[in-house]
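Okay, start.cif is below, mmCIF, C-alpha atoms and all ligand atoms:
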```
data_target
#
loop_
_atom_site.label_atom_id
_atom_site.label_comp_id
_atom_site.auth_asym_id
_atom_site.auth_seq_id
_atom_site.Cartn_x
_atom_site.Cartn_y
_atom_site.Cartn_z
CA MET L 1 14.15 -15.94 24.64
CA THR L 2 13.21 -15.54 21.00
CA SER L 3 15.06 -18.24 19.08
CA ASP L 4 16.58 -18.15 15.62
CA LEU L 5 13.73 -20.35 14.39
CA VAL L 6 11.23 -17.70 15.39
CA HIS L 7 13.24 -15.15 13.43
CA HIS L 8 12.62 -17.30 10.37
CA GLY L 9 8.89 -17.49 11.13
CA GLU L 10 8.87 -21.11 12.36
CA SER L 11 8.04 -22.72 15.68
CA PHE L 12 10.08 -25.48 17.45
CA ASP L 13 8.68 -28.27 15.28
CA GLY L 14 9.01 -26.42 11.97
CA THR L 15 5.34 -25.48 11.62
CA PRO L 16 4.86 -21.89 10.42
CA LEU L 17 4.02 -19.34 13.10
CA GLY L 18 0.83 -17.28 12.84
CA PHE L 19 0.63 -13.76 11.45
CA ALA L 20 0.38 -12.07 14.88
CA THR L 21 3.34 -13.95 16.38
CA LYS L 22 5.46 -13.10 13.36
CA SER L 23 4.37 -9.44 13.40
CA ILE L 24 5.72 -9.24 16.96
CA HIS L 25 8.92 -11.27 16.81
CA LEU L 26 10.30 -10.87 13.30
CA GLY L 27 12.41 -7.73 12.92
CA ASN L 28 13.16 -7.62 16.65
CA GLY L 29 15.96 -9.25 18.65
CA VAL L 30 18.38 -8.82 21.53
CA ASP L 31 20.94 -6.04 21.15
CA ALA L 32 24.32 -7.80 21.39
CA GLU L 33 26.06 -4.94 23.21
CA THR L 34 23.52 -4.00 25.91
CA GLY L 35 21.23 -7.02 26.16
CA ALA L 36 18.25 -4.76 25.49
CA ILE L 37 15.33 -6.82 24.18
CA ARG L 38 14.36 -4.14 21.64
CA ARG L 39 16.72 -3.43 18.79
CA PRO L 40 18.09 0.13 18.90
CA ILE L 41 17.87 2.82 16.22
CA THR L 42 21.25 3.03 14.49
CA LEU L 43 21.56 6.62 13.29
CA ALA L 44 25.15 6.65 11.96
CA ASN L 45 25.70 7.71 8.35
CA ALA L 46 28.88 5.62 7.98
CA TYR L 47 30.52 2.46 9.31
CA ALA L 48 34.15 1.60 10.13
CA LEU L 49 36.18 0.44 7.12
CA PRO L 50 38.53 -2.59 7.21
CA TYR L 51 42.34 -2.21 7.27
CA ASP L 52 42.45 -2.29 3.46
CA PRO L 53 39.25 -0.87 1.95
CA SER L 54 40.59 -0.68 -1.60
CA ASP L 55 38.66 -3.68 -2.94
CA ILE L 56 35.26 -2.58 -1.57
CA ASN L 57 32.46 -2.17 -4.12
CA TRP L 58 31.13 1.29 -3.17
CA SER L 59 27.73 0.49 -4.71
CA SER L 60 27.24 -2.68 -2.65
CA SER L 61 24.26 -3.12 -0.30
CA ASP L 62 25.58 -6.27 1.37
CA VAL L 63 27.83 -4.75 4.05
CA ASN L 64 27.47 -1.86 6.49
CA LEU L 65 29.30 0.91 4.65
CA TYR L 66 27.23 4.04 4.16
CA THR L 67 23.60 4.39 5.21
CA ARG L 68 22.27 4.96 1.66
CA ASN L 69 23.67 1.54 0.71
CA GLY L 70 21.48 -0.08 3.39
CA HIS L 71 21.34 -0.03 7.18
CA PRO L 72 20.38 -2.31 10.10
CA ASN L 73 16.93 -0.82 10.84
CA GLN L 74 15.98 -1.12 7.17
CA ARG L 75 17.12 -4.77 7.07
CA TYR L 76 15.16 -5.79 10.21
CA LEU L 77 11.97 -4.37 8.68
CA GLU L 78 12.72 -5.98 5.30
CA ALA L 79 13.11 -9.43 6.88
CA LYS L 80 9.72 -9.10 8.59
CA LEU L 81 7.89 -7.81 5.52
CA ALA L 82 9.29 -10.45 3.15
CA ASN L 83 8.03 -13.13 5.53
CA LEU L 84 4.57 -11.54 5.99
CA GLU L 85 4.17 -11.13 2.21
CA GLY L 86 5.51 -14.63 1.49
CA THR L 87 8.32 -13.51 -0.83
CA GLU L 88 12.02 -14.32 -0.96
CA ASP L 89 13.09 -10.75 -0.10
CA ALA L 90 11.84 -7.17 0.33
CA VAL L 91 13.37 -3.71 -0.10
CA VAL L 92 12.22 -0.83 2.10
CA LEU L 93 12.49 2.68 0.61
CA ALA L 94 11.65 6.26 1.59
CA SER L 95 7.95 6.22 0.63
CA GLY L 96 5.29 4.25 -1.18
CA VAL L 97 5.86 6.40 -4.25
CA ALA L 98 9.61 5.64 -4.10
CA ALA L 99 8.65 1.93 -4.12
CA LEU L 100 6.41 2.45 -7.18
CA ALA L 101 9.05 4.52 -9.02
CA ALA L 102 11.75 1.97 -8.14
CA THR L 103 9.64 -0.86 -9.53
CA PHE L 104 8.83 0.91 -12.79
CA THR L 105 12.31 2.34 -13.44
CA THR L 106 14.04 -0.94 -12.59
CA LEU L 107 11.76 -3.29 -14.52
CA LEU L 108 11.09 -1.15 -17.61
CA ASN L 109 13.61 -0.13 -20.27
CA ARG L 110 13.32 2.21 -23.25
CA GLY L 111 10.92 0.71 -25.81
CA ASP L 112 9.15 -1.57 -23.32
CA HIS L 113 5.38 -1.49 -22.85
CA ALA L 114 3.48 -1.48 -19.54
CA ILE L 115 -0.23 -1.92 -18.85
CA PHE L 116 -1.65 -0.29 -15.73
CA SER L 117 -5.05 -0.14 -14.05
CA ASP L 118 -7.20 2.90 -14.75
CA THR L 119 -7.45 3.94 -11.14
CA THR L 120 -4.16 4.06 -9.31
CA TYR L 121 -2.51 6.26 -6.77
CA ILE L 122 -2.00 9.65 -8.47
CA ALA L 123 1.82 9.37 -8.58
CA ALA L 124 1.62 5.96 -10.28
CA TYR L 125 -0.67 7.56 -12.87
CA ARG L 126 1.75 10.51 -13.39
CA LEU L 127 4.76 8.19 -13.71
CA LEU L 128 3.14 5.74 -16.12
CA ASN L 129 0.97 8.15 -18.08
CA GLN L 130 3.41 11.02 -18.45
CA ILE L 131 6.90 10.94 -16.94
CA LEU L 132 8.13 7.51 -18.10
CA PRO L 133 6.73 7.86 -21.66
CA GLU L 134 7.99 11.42 -22.12
CA LYS L 135 11.42 11.13 -20.51
CA TYR L 136 12.35 7.47 -21.03
CA GLY L 137 10.47 6.33 -24.14
CA ILE L 138 8.35 3.71 -22.34
CA GLU L 139 4.97 2.85 -23.90
CA THR L 140 2.00 2.54 -21.54
CA SER L 141 -1.72 1.68 -21.75
CA ILE L 142 -4.38 2.60 -19.19
CA VAL L 143 -6.86 -0.27 -18.84
CA ASP L 144 -9.95 -1.06 -16.74
CA THR L 145 -8.36 -4.14 -15.14
CA SER L 146 -11.53 -5.02 -13.18
CA ASP L 147 -12.35 -6.98 -16.39
CA PRO L 148 -9.29 -9.16 -17.18
CA ALA L 149 -10.37 -9.32 -20.85
CA ASN L 150 -9.24 -5.68 -21.13
CA ILE L 151 -5.72 -6.71 -20.03
CA ALA L 152 -5.64 -9.46 -22.68
CA ARG L 153 -6.66 -6.95 -25.38
CA ALA L 154 -3.93 -4.45 -24.38
CA ILE L 155 -1.00 -6.91 -24.50
CA ARG L 156 1.69 -6.13 -27.12
CA PRO L 157 4.81 -8.07 -28.14
CA ASN L 158 6.92 -5.68 -25.99
CA THR L 159 4.69 -5.79 -22.86
CA LYS L 160 7.01 -6.31 -19.87
CA LEU L 161 4.87 -5.26 -16.90
CA VAL L 162 1.23 -5.26 -15.81
CA HIS L 163 0.69 -3.00 -12.77
CA ILE L 164 -2.57 -3.13 -10.84
CA GLU L 165 -3.84 -1.46 -7.70
CA THR L 166 -6.60 -3.39 -5.92
CA PRO L 167 -8.80 -2.14 -4.35
CA ALA L 168 -8.00 1.03 -6.28
CA ASN L 169 -7.59 4.45 -4.72
CA PRO L 170 -10.16 6.13 -4.71
CA THR L 171 -12.78 4.14 -6.66
CA LEU L 172 -12.31 0.84 -4.73
CA LYS L 173 -12.40 -1.11 -8.00
CA VAL L 174 -11.24 -4.69 -7.46
CA THR L 175 -9.02 -6.64 -9.87
CA ASP L 176 -8.69 -10.42 -9.99
CA ILE L 177 -4.97 -10.90 -9.15
CA GLU L 178 -4.80 -14.55 -10.28
CA ALA L 179 -6.36 -13.76 -13.67
CA ALA L 180 -4.05 -10.74 -14.16
CA ALA L 181 -0.99 -12.85 -13.21
CA LYS L 182 -1.89 -15.56 -15.72
CA LEU L 183 -2.35 -13.05 -18.55
CA ALA L 184 0.91 -11.26 -17.69
CA HIS L 185 2.88 -14.52 -17.46
CA ASP L 186 1.46 -15.92 -20.71
CA ALA L 187 2.76 -12.76 -22.40
CA GLY L 188 6.21 -13.08 -20.77
CA ALA L 189 5.52 -10.05 -18.54
CA LEU L 190 5.61 -9.53 -14.76
CA LEU L 191 2.67 -8.54 -12.56
CA SER L 192 3.12 -5.88 -9.86
CA VAL L 193 0.34 -5.26 -7.33
CA ASP L 194 -0.07 -2.20 -5.12
CA ASN L 195 -1.48 -3.91 -2.00
CA THR L 196 -1.59 -0.79 0.21
CA PHE L 197 -5.38 -0.82 0.76
CA ASN L 198 -5.35 -4.43 1.97
CA SER L 199 -1.99 -4.89 3.71
CA PRO L 200 -0.60 -8.46 3.84
CA PHE L 201 -3.03 -9.26 6.67
CA ASN L 202 -6.02 -9.17 4.30
CA VAL L 203 -4.51 -10.22 0.97
CA ARG L 204 -1.15 -11.75 0.01
CA PRO L 205 -0.79 -11.06 -3.73
CA ALA L 206 2.39 -13.16 -4.03
CA SER L 207 0.39 -16.27 -3.12
CA LEU L 208 -2.04 -15.40 -5.95
CA GLY L 209 0.71 -15.18 -8.57
CA ALA L 210 1.97 -11.57 -8.32
CA ASP L 211 5.70 -11.19 -9.01
CA VAL L 212 6.10 -7.88 -7.18
CA VAL L 213 4.08 -6.58 -4.21
CA ILE L 214 4.20 -2.88 -3.34
CA GLU L 215 3.07 -1.42 -0.02
CA SER L 216 2.97 2.18 1.13
CA LEU L 217 4.19 1.51 4.68
CA THR L 218 2.96 5.03 5.51
CA LYS L 219 -0.55 3.59 5.71
CA TYR L 220 -1.63 0.42 7.54
CA ILE L 221 1.76 -1.17 8.16
CA ASN L 222 3.03 1.78 10.20
CA GLY L 223 -0.50 2.60 11.24
CA HIS L 224 0.14 5.68 13.37
CA GLY L 225 0.32 8.47 10.78
CA ASP L 226 3.82 9.58 11.76
CA ALA L 227 6.31 8.14 9.23
CA LEU L 228 6.60 7.67 5.45
CA GLY L 229 7.95 4.46 3.94
CA GLY L 230 7.42 2.03 1.07
CA ALA L 231 8.22 -1.62 0.41
CA ILE L 232 8.72 -3.86 -2.60
CA ALA L 233 8.41 -7.57 -1.80
CA THR L 234 9.67 -9.87 -4.53
CA ARG L 235 12.45 -12.29 -5.61
CA LYS L 236 16.03 -11.64 -4.47
CA GLU L 237 17.16 -11.29 -8.09
CA LEU L 238 14.84 -8.25 -8.44
CA THR L 239 15.52 -6.71 -5.01
CA ASP L 240 19.25 -6.79 -5.86
CA GLN L 241 18.53 -4.76 -9.00
CA ILE L 242 16.26 -2.35 -7.13
CA ARG L 243 18.86 -1.77 -4.41
CA PHE L 244 21.54 -1.09 -7.03
CA THR L 245 19.45 1.27 -9.15
CA TYR L 246 16.86 3.01 -7.07
CA GLN L 247 18.26 2.79 -3.55
CA VAL L 248 22.00 3.33 -3.96
CA ASN L 249 22.16 5.30 -7.21
CA TYR L 250 18.87 7.25 -7.21
CA GLY L 251 19.04 7.63 -3.42
CA GLY L 252 15.57 6.42 -2.40
CA ILE L 253 16.66 4.96 0.98
CA ILE L 254 14.42 5.15 4.06
CA SER L 255 15.81 6.90 7.17
CA PRO L 256 16.76 4.61 10.09
CA PHE L 257 14.32 6.47 12.35
CA ASN L 258 11.36 5.92 10.00
CA ALA L 259 12.31 2.25 9.51
CA TRP L 260 12.37 1.82 13.30
CA LEU L 261 9.01 3.59 13.76
CA ILE L 262 7.38 1.47 11.03
CA ASN L 263 8.83 -1.72 12.50
CA ARG L 264 7.32 -0.78 15.86
CA GLY L 265 3.96 0.20 14.34
CA SER L 266 3.75 -3.04 12.36
CA VAL L 267 3.78 -5.12 15.57
CA THR L 268 0.04 -4.45 15.99
CA LEU L 269 -0.91 -4.73 12.29
CA PRO L 270 -3.20 -7.79 12.71
CA LEU L 271 -5.08 -6.31 15.68
CA ARG L 272 -5.54 -3.00 13.93
CA MET L 273 -6.61 -4.55 10.61
CA ARG L 274 -9.37 -6.57 12.30
CA GLN L 275 -10.75 -3.35 13.79
CA HIS L 276 -10.39 -1.33 10.54
CA ASN L 277 -12.13 -4.16 8.63
CA ALA L 278 -15.01 -4.53 11.09
CA SER L 279 -15.62 -0.81 11.56
CA ALA L 280 -15.46 0.02 7.83
CA LEU L 281 -17.95 -2.75 7.01
CA ALA L 282 -20.38 -1.52 9.70
CA ILE L 283 -20.07 2.09 8.49
CA ALA L 284 -20.45 1.10 4.81
CA LYS L 285 -23.67 -0.78 5.67
CA HIS L 286 -24.94 2.15 7.72
CA LEU L 287 -24.21 4.65 4.92
CA GLU L 288 -25.96 2.39 2.41
CA SER L 289 -29.13 2.55 4.57
CA LEU L 290 -29.28 6.37 4.63
CA PRO L 291 -31.56 8.23 2.15
CA GLN L 292 -29.05 11.13 1.83
CA VAL L 293 -26.34 8.77 0.51
CA ARG L 294 -26.24 8.39 -3.30
CA PHE L 295 -23.76 5.52 -3.44
CA VAL L 296 -21.24 3.62 -1.31
CA ALA L 297 -18.21 1.83 -2.82
CA TYR L 298 -16.72 -0.78 -0.47
CA PRO L 299 -15.63 -4.27 -1.58
CA GLY L 300 -17.12 -5.80 1.58
CA LEU L 301 -20.65 -4.86 0.49
CA LYS L 302 -22.64 -7.40 -1.53
CA SER L 303 -23.63 -4.50 -3.83
CA HIS L 304 -19.97 -4.00 -4.87
CA PRO L 305 -19.28 -5.35 -8.38
CA GLY L 306 -15.95 -6.82 -7.21
CA HIS L 307 -17.32 -8.41 -4.01
CA ASP L 308 -17.00 -12.06 -5.07
CA VAL L 309 -13.44 -11.59 -6.34
CA ALA L 310 -12.53 -9.69 -3.15
CA VAL L 311 -13.89 -12.56 -1.00
CA ARG L 312 -11.95 -15.14 -3.01
CA GLN L 313 -8.69 -13.19 -2.57
CA LEU L 314 -8.77 -13.00 1.25
CA ALA L 315 -5.62 -14.41 2.84
CA ARG L 316 -7.19 -15.89 5.99
CA PRO L 317 -10.59 -16.62 7.58
CA ASP L 318 -10.44 -13.52 9.83
CA ALA L 319 -9.38 -11.17 7.00
CA GLY L 320 -11.62 -8.39 5.69
CA PHE L 321 -11.85 -5.66 3.09
CA GLY L 322 -9.75 -2.88 4.60
CA GLY L 323 -10.66 0.46 6.16
CA VAL L 324 -11.25 2.65 3.11
CA LEU L 325 -14.57 3.34 1.43
CA SER L 326 -15.90 6.01 -0.92
CA PHE L 327 -19.40 7.50 -0.90
CA GLY L 328 -21.35 10.39 -2.36
CA LEU L 329 -24.21 12.42 -0.91
CA ASP L 330 -27.34 13.46 -2.75
CA THR L 331 -26.34 17.13 -2.59
CA ASP L 332 -24.29 19.77 -4.41
CA HIS L 333 -20.64 20.84 -4.08
CA ASP L 334 -21.28 23.05 -1.05
CA GLY L 335 -23.43 20.39 0.64
CA HIS L 336 -20.45 17.99 0.61
CA ASN L 337 -18.16 20.63 2.15
CA ARG L 338 -20.81 21.60 4.71
CA PHE L 339 -21.09 17.97 5.83
CA VAL L 340 -17.32 17.73 6.44
CA SER L 341 -17.30 21.02 8.37
CA LYS L 342 -19.82 19.54 10.85
CA LEU L 343 -17.81 16.40 11.67
CA ASN L 344 -16.29 16.38 15.17
CA VAL L 345 -14.42 13.06 15.40
CA ILE L 346 -13.47 12.40 11.77
CA THR L 347 -10.67 14.69 10.53
CA SER L 348 -10.60 16.30 7.08
CA ALA L 349 -7.17 15.31 5.76
CA VAL L 350 -5.60 13.07 3.12
CA SER L 351 -3.93 9.71 3.85
CA LEU L 352 -5.34 6.49 5.29
CA GLY L 353 -4.42 3.62 7.57
CA HIS L 354 -3.89 5.98 10.52
CA ASP L 355 -5.25 5.39 14.02
CA GLU L 356 -7.67 8.31 13.49
CA SER L 357 -10.41 8.44 10.84
CA LEU L 358 -9.71 10.73 7.89
CA ILE L 359 -12.05 12.06 5.20
CA VAL L 360 -11.31 13.90 1.97
CA PHE L 361 -13.80 15.51 -0.43
CA LEU L 362 -12.81 14.80 -4.03
CA GLY L 363 -14.69 17.32 -6.16
CA GLU L 364 -16.27 17.19 -9.59
CA ASP L 365 -13.22 18.58 -11.44
CA ASP L 366 -10.71 15.75 -11.00
CA GLU L 367 -8.72 15.45 -14.26
CA ARG L 368 -9.05 11.65 -14.13
CA GLN L 369 -12.81 11.74 -13.77
CA TYR L 370 -13.28 10.25 -17.25
CA LEU L 371 -11.73 7.07 -15.84
CA TYR L 372 -14.12 6.85 -12.85
CA PRO L 373 -17.56 5.19 -12.84
CA PRO L 374 -20.37 7.75 -13.46
CA GLU L 375 -21.59 7.88 -9.84
CA PHE L 376 -18.24 9.46 -8.87
CA HIS L 377 -18.70 12.40 -11.28
CA ARG L 378 -20.82 14.52 -8.92
CA GLY L 379 -18.14 14.66 -6.22
CA PHE L 380 -17.52 12.08 -3.49
CA PHE L 381 -15.71 11.38 -0.23
CA ARG L 382 -12.94 8.95 0.48
CA LEU L 383 -13.32 7.90 4.11
CA ALA L 384 -10.42 6.10 5.80
CA VAL L 385 -12.03 4.49 8.83
CA GLY L 386 -9.73 4.61 11.88
CA LEU L 387 -9.64 2.80 15.20
CA GLU L 388 -12.11 4.89 17.18
CA ASP L 389 -15.24 3.22 18.61
CA THR L 390 -17.47 2.35 15.65
CA ASP L 391 -20.53 3.87 17.36
CA ASP L 392 -18.76 7.21 17.81
CA LEU L 393 -17.97 7.31 14.09
CA ILE L 394 -21.54 6.44 13.07
CA ARG L 395 -22.94 9.06 15.43
CA ASP L 396 -20.46 11.63 14.08
CA ILE L 397 -21.69 10.98 10.52
CA ASP L 398 -25.39 11.11 11.50
CA HIS L 399 -24.91 14.29 13.53
CA ALA L 400 -23.02 16.03 10.68
CA LEU L 401 -25.73 15.09 8.16
CA ALA L 402 -28.36 16.65 10.44
CA GLU L 403 -26.30 19.75 11.24
CA ALA L 404 -25.57 20.30 7.53
CA ARG L 405 -29.35 20.04 6.85
CA LEU L 406 -28.91 17.19 4.37
C1 LIG L 501 -0.51 6.49 -0.20
C2 LIG L 501 -0.43 5.52 -1.30
C3 LIG L 501 0.73 5.40 -2.06
C4 LIG L 501 1.91 6.30 -1.87
O1 LIG L 501 2.55 6.13 -0.65
P1 LIG L 501 3.44 7.26 0.05
O2 LIG L 501 4.03 6.55 1.20
O3 LIG L 501 2.52 8.39 0.41
O4 LIG L 501 4.46 7.71 -0.95
C5 LIG L 501 0.77 4.43 -3.05
N1 LIG L 501 -0.30 3.64 -3.30
C6 LIG L 501 -1.43 3.74 -2.59
C7 LIG L 501 -2.57 2.83 -2.92
C8 LIG L 501 -1.55 4.68 -1.57
O5 LIG L 501 -2.70 4.79 -0.88
#
```
Please, can you express the file's structure as structure tokens?
Amino acid sequence: MTSDLVHHGESFDGTPLGFATKSIHLGNGVDAETGAIRRPITLANAYALPYDPSDINWSSSDVNLYTRNGHPNQRYLEAKLANLEGTEDAVVLASGVAALAATFTTLLNRGDHAIFSDTTYIAAYRLLNQILPEKYGIETSIVDTSDPANIARAIRPNTKLVHIETPANPTLKVTDIEAAAKLAHDAGALLSVDNTFNSPFNVRPASLGADVVIESLTKYINGHGDALGGAIATRKELTDQIRFTYQVNYGGIISPFNAWLINRGSVTLPLRMRQHNASALAIAKHLESLPQVRFVAYPGLKSHPGHDVAVRQLARPDAGFGGVLSFGLDTDHDGHNRFVSKLNVITSAVSLGHDESLIVFLGEDDERQYLYPPEFHRGFFRLAVGLEDTDDLIRDIDHALAEARL
């Protein structure tokens, strides 16, 4: 029987349990009513009130009251994620973007300044570049954070937050988390890190000095491409604020069903990450050897400018560089589309971290192209390597290149 110690991530003698053991046992337990050894999905919207409910704080997240205030399936997943990230607490919300928006709107006030990395998930860019400045009077600076000196130069007296995404979507630029944390802290600011491309199996930003770690659970942590969710792992003082503002009063709660699905998917996170890491590295090396391929961006390659930093940031000896890589072919716009149309195993669709491999062609007209390195300007693919046999994926790529006459 799983003991209480295990639920806190410790074995009988107090030594910490490994990542795989914790991925399985944390967030699960015996259902008190039925004895079932999997926790059920609790789908109720509301919970029974006490005899005298008049002194209840209706905005509280501490008791079972109303599902938007917090619910059991959310809390099981939060307990697991906080432990895997190595933070005091975690909040699980409706999507990765909800987690980003919750972080920015909770930590930044009118007149504050935020620095953010020049390649980020598109919604982070929209929020920080446009929506927060225009609607809420927040100042922001876009910075190439792969060189920490650029962060130092952008700091202002009112800088309250540095937000980085590493490796960045879709350029795979790598930022030195420890260096960014030191610069943020010296300026009295916090560092938030979008760790979606790595997952806590590969990199644990909190152990490198990050104050706030954001994950799109939609990707590797759920891993099966069938539920949206987002997490913010940080200190309890900040999760309390995020629950009060973004969860209860903006309404960004995750559904119990999605929290349950993600909790189940996350059980196999370490096994899946090892396969994503190994397969993506093999495919990146293969692509680099092909004459039709103009460039490959993958932090696991020695040719990647952020390789040494990426190696230094790995959380464990069997960690790797994630399943996402970008590459461009030595062809025109139509040649890129023709290549995708000839793939049989790899699916043309957005998203990443699914069981199946996904590819998306990002054309020459992206509005943020001025922020990308020059090799990305002629159009490129983002390939999210899935869990299929590596050889099948390599043969799919080779076959499509030949069929597309490239
Ligand atoms: C997908 C993604 C997000 C957004 O997550 P959703 O769950 O789709 O809202 C944020 N950051 C990164 C790096 C992502 O890849």
Top pick for closest residue to ligand LIG 501 (chain L), considering L:Gly188, L:Pro148, L:Gly328, L:Gly96 and counting only C-alpha atoms and all ligand atoms = L:Gly96
Which residues of chain L come within 6 Å of ligand LIG 501 (chain L), and for each one, what is the closest pair of atoms and their distance in Å to one decimal, counting all atoms listed in the file, sorted by chain and residue number, as CSV?
```
residue,atom,partner,partner_atom,distance
L:Ser95,CA,L:LIG501,O2,4.0
L:Gly96,CA,L:LIG501,O1,3.4
L:Val97,CA,L:LIG501,O4,3.8
L:Tyr121,CA,L:LIG501,N1,4.9
L:Asn169,CA,L:LIG501,C7,5.6
L:Thr196,CA,L:LIG501,C7,4.9
L:Phe197,CA,L:LIG501,C7,5.9
L:Ser216,CA,L:LIG501,O1,4.4
L:Thr218,CA,L:LIG501,O2,4.7
L:Leu228,CA,L:LIG501,O2,5.1
L:Gly229,CA,L:LIG501,O2,5.2
L:Gly230,CA,L:LIG501,O2,5.7
```
For those residues, write C-alpha atoms to a file as an mmCIF file, in the coordinates of the input.
```cif
data_model
loop_
_atom_site.group_PDB
_atom_site.id
_atom_site.type_symbol
_atom_site.label_atom_id
_atom_site.label_comp_id
_atom_site.auth_asym_id
_atom_site.auth_seq_id
_atom_site.Cartn_x
_atom_site.Cartn_y
_atom_site.Cartn_z
ATOM 1 C CA SER L 95 7.950 6.220 0.630
ATOM 2 C CA GLY L 96 5.290 4.250 -1.180
ATOM 3 C CA VAL L 97 5.860 6.400 -4.250
ATOM 4 C CA TYR L 121 -2.510 6.260 -6.770
ATOM 5 C CA ASN L 169 -7.590 4.450 -4.720
ATOM 6 C CA THR L 196 -1.590 -0.790 0.210
ATOM 7 C CA PHE L 197 -5.380 -0.820 0.760
ATOM 8 C CA SER L 216 2.970 2.180 1.130
ATOM 9 C CA THR L 218 2.960 5.030 5.510
ATOM 10 C CA LEU L 228 6.600 7.670 5.450
ATOM 11 C CA GLY L 229 7.950 4.460 3.940
ATOM 12 C CA GLY L 230 7.420 2.030 1.070
#
```
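Of note, atom CA of L:Ser357 and atom CA of L:Ala384 are spaced 5.6 Å apart.
If you count only C-alpha atoms and draw a sphere of 8 Å around (-2.9, 0.3, 6.9), the protein and nucleic acid residues inside it come out as Thr196, Phe197, Asn198, Ser199, Leu217, Thr218, Lys219, Tyr220, Ile221, Asn222, Gly223, Leu269, Met273, Gly322, Gly323, Leu352, Gly353 and His354 of chain L.
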Expected residue set, 8 Å radius at (18.5, -4.2, 2.3), all atoms listed in the file, as a PyMOL selection string = chain L and resi 61-62+69-71+74-75+78+90-92+243
query = Closest to L:Ser192 among L:Ala278, L:Ala99, L:His224, L:Phe12, using all atoms listed in the file?
reply = L:Ala99
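Counting only C-alpha atoms, the residue from L:Thr234, L:Asn45, L:Ser54, L:Asn129 that sits nearest to L:Ala82 is L:Thr234.
Nearest-residue note for L:Leu43: choosing from L:Ala79, L:Ala297, L:Ile254, L:Leu371, the minimum distance belongs to L:Ile254, counting only C-alpha atoms.
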inquiry  = Applying 8 Å and all atoms listed in the file, which residues near L:Thr106 remain after dropping the ones on its own chain fewer than 3 positions away? List them as number ranges by chain.
reply    = L: 102-103, 109, 241-242, 245-246
Exercise: L:Lys342 partners within 10 Å, all atoms listed in the file, chain neighbours under 6 positions left out, as JSON, numbers by chain = {"L": [396, 397, 399, 400, 401, 402, 403, 404]}
Would you write out those residues with C-alpha atoms, as a CSV table (one decimal), in the frame of the given file?
```
chain,number,residue,atom,x,y,z
L,396,ASP,CA,-20.5,11.6,14.1
L,397,ILE,CA,-21.7,11.0,10.5
L,399,HIS,CA,-24.9,14.3,13.5
L,400,ALA,CA,-23.0,16.0,10.7
L,401,LEU,CA,-25.7,15.1,8.2
L,402,ALA,CA,-28.4,16.6,10.4
L,403,GLU,CA,-26.3,19.8,11.2
L,404,ALA,CA,-25.6,20.3,7.5
```
message = So the first atom is atom CA of L:Ala124 and the second is atom CA of L:Val296; what is the distance between them in Å, to one decimal place?
response = 24.7 Å
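For the set L:Pro157, L:Gly225, L:Ser60, L:Asp118, the residue with the smallest atom-to-atom gap to L:Asp144 is L:Asp118, counting only C-alpha atoms.
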Exercise: L:Glu356 partners within 7 Å, only C-alpha atoms, chain neighbours under 2 positions left out, as a list in words =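 The residues that qualify are His354, Leu358, Gly386, Leu387 and Glu388 of chain L.
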task = Record the distance separating atom CA of L:Gly9 and atom CA of L:Thr87, expressed in Å with one decimal.
result =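 Separating atom CA of L:Gly9 from atom CA of L:Thr87 is a distance of 12.6 Å.
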message = So that I can see what lies close to L:Gln369, please list as a list in words the residues with an atom at most 12 Å from it, counting only C-alpha atoms and leaving out residues fewer than 4 positions away in the same chain.
response =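 Counting only C-alpha atoms, the residues come to Asp118, Thr119, Pro170, Thr171, Leu362, Gly363, Glu364, Asp365, Pro373, Pro374, Glu375, Phe376, His377, Arg378, Gly379 and Phe380 of chain L.
Using all atoms listed in the file, the shortest contact distance between L:Gly265 and any of L:Ile24, L:Leu17, L:Leu128, L:Leu49 is found at L:Ile24.
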Using only C-alpha atoms, find each residue in stretch 115-207 of chain L having at least one atom no more than 10 Å away from stretch 298-317 of chain L; report its shortest atom-to-atom pair and that distance in Å (one decimal), rows by chain then rising number, as a Markdown table.
```
| residue | atom | partner | partner_atom | distance |
| --- | --- | --- | --- | --- |
| L:Ser146 | CA | L:Gly306 | CA | 7.6 |
| L:Asp147 | CA | L:Gly306 | CA | 9.9 |
| L:Thr166 | CA | L:Ala310 | CA | 9.1 |
| L:Pro167 | CA | L:Pro299 | CA | 7.7 |
| L:Thr171 | CA | L:Tyr298 | CA | 8.8 |
| L:Leu172 | CA | L:Tyr298 | CA | 6.3 |
| L:Lys173 | CA | L:Gly306 | CA | 6.8 |
| L:Val174 | CA | L:Gly306 | CA | 5.2 |
| L:Thr175 | CA | L:Gly306 | CA | 7.4 |
| L:Asp176 | CA | L:Val309 | CA | 6.1 |
| L:Ile177 | CA | L:Gln313 | CA | 7.9 |
| L:Glu178 | CA | L:Gln313 | CA | 8.7 |
| L:Asn198 | CA | L:Leu314 | CA | 9.3 |
| L:Pro200 | CA | L:Ala315 | CA | 7.8 |
| L:Phe201 | CA | L:Ala315 | CA | 6.9 |
| L:Asn202 | CA | L:Ala315 | CA | 5.5 |
| L:Val203 | CA | L:Ala315 | CA | 4.7 |
| L:Arg204 | CA | L:Ala315 | CA | 5.9 |
| L:Pro205 | CA | L:Gln313 | CA | 8.3 |
| L:Ser207 | CA | L:Ala315 | CA | 8.7 |
```
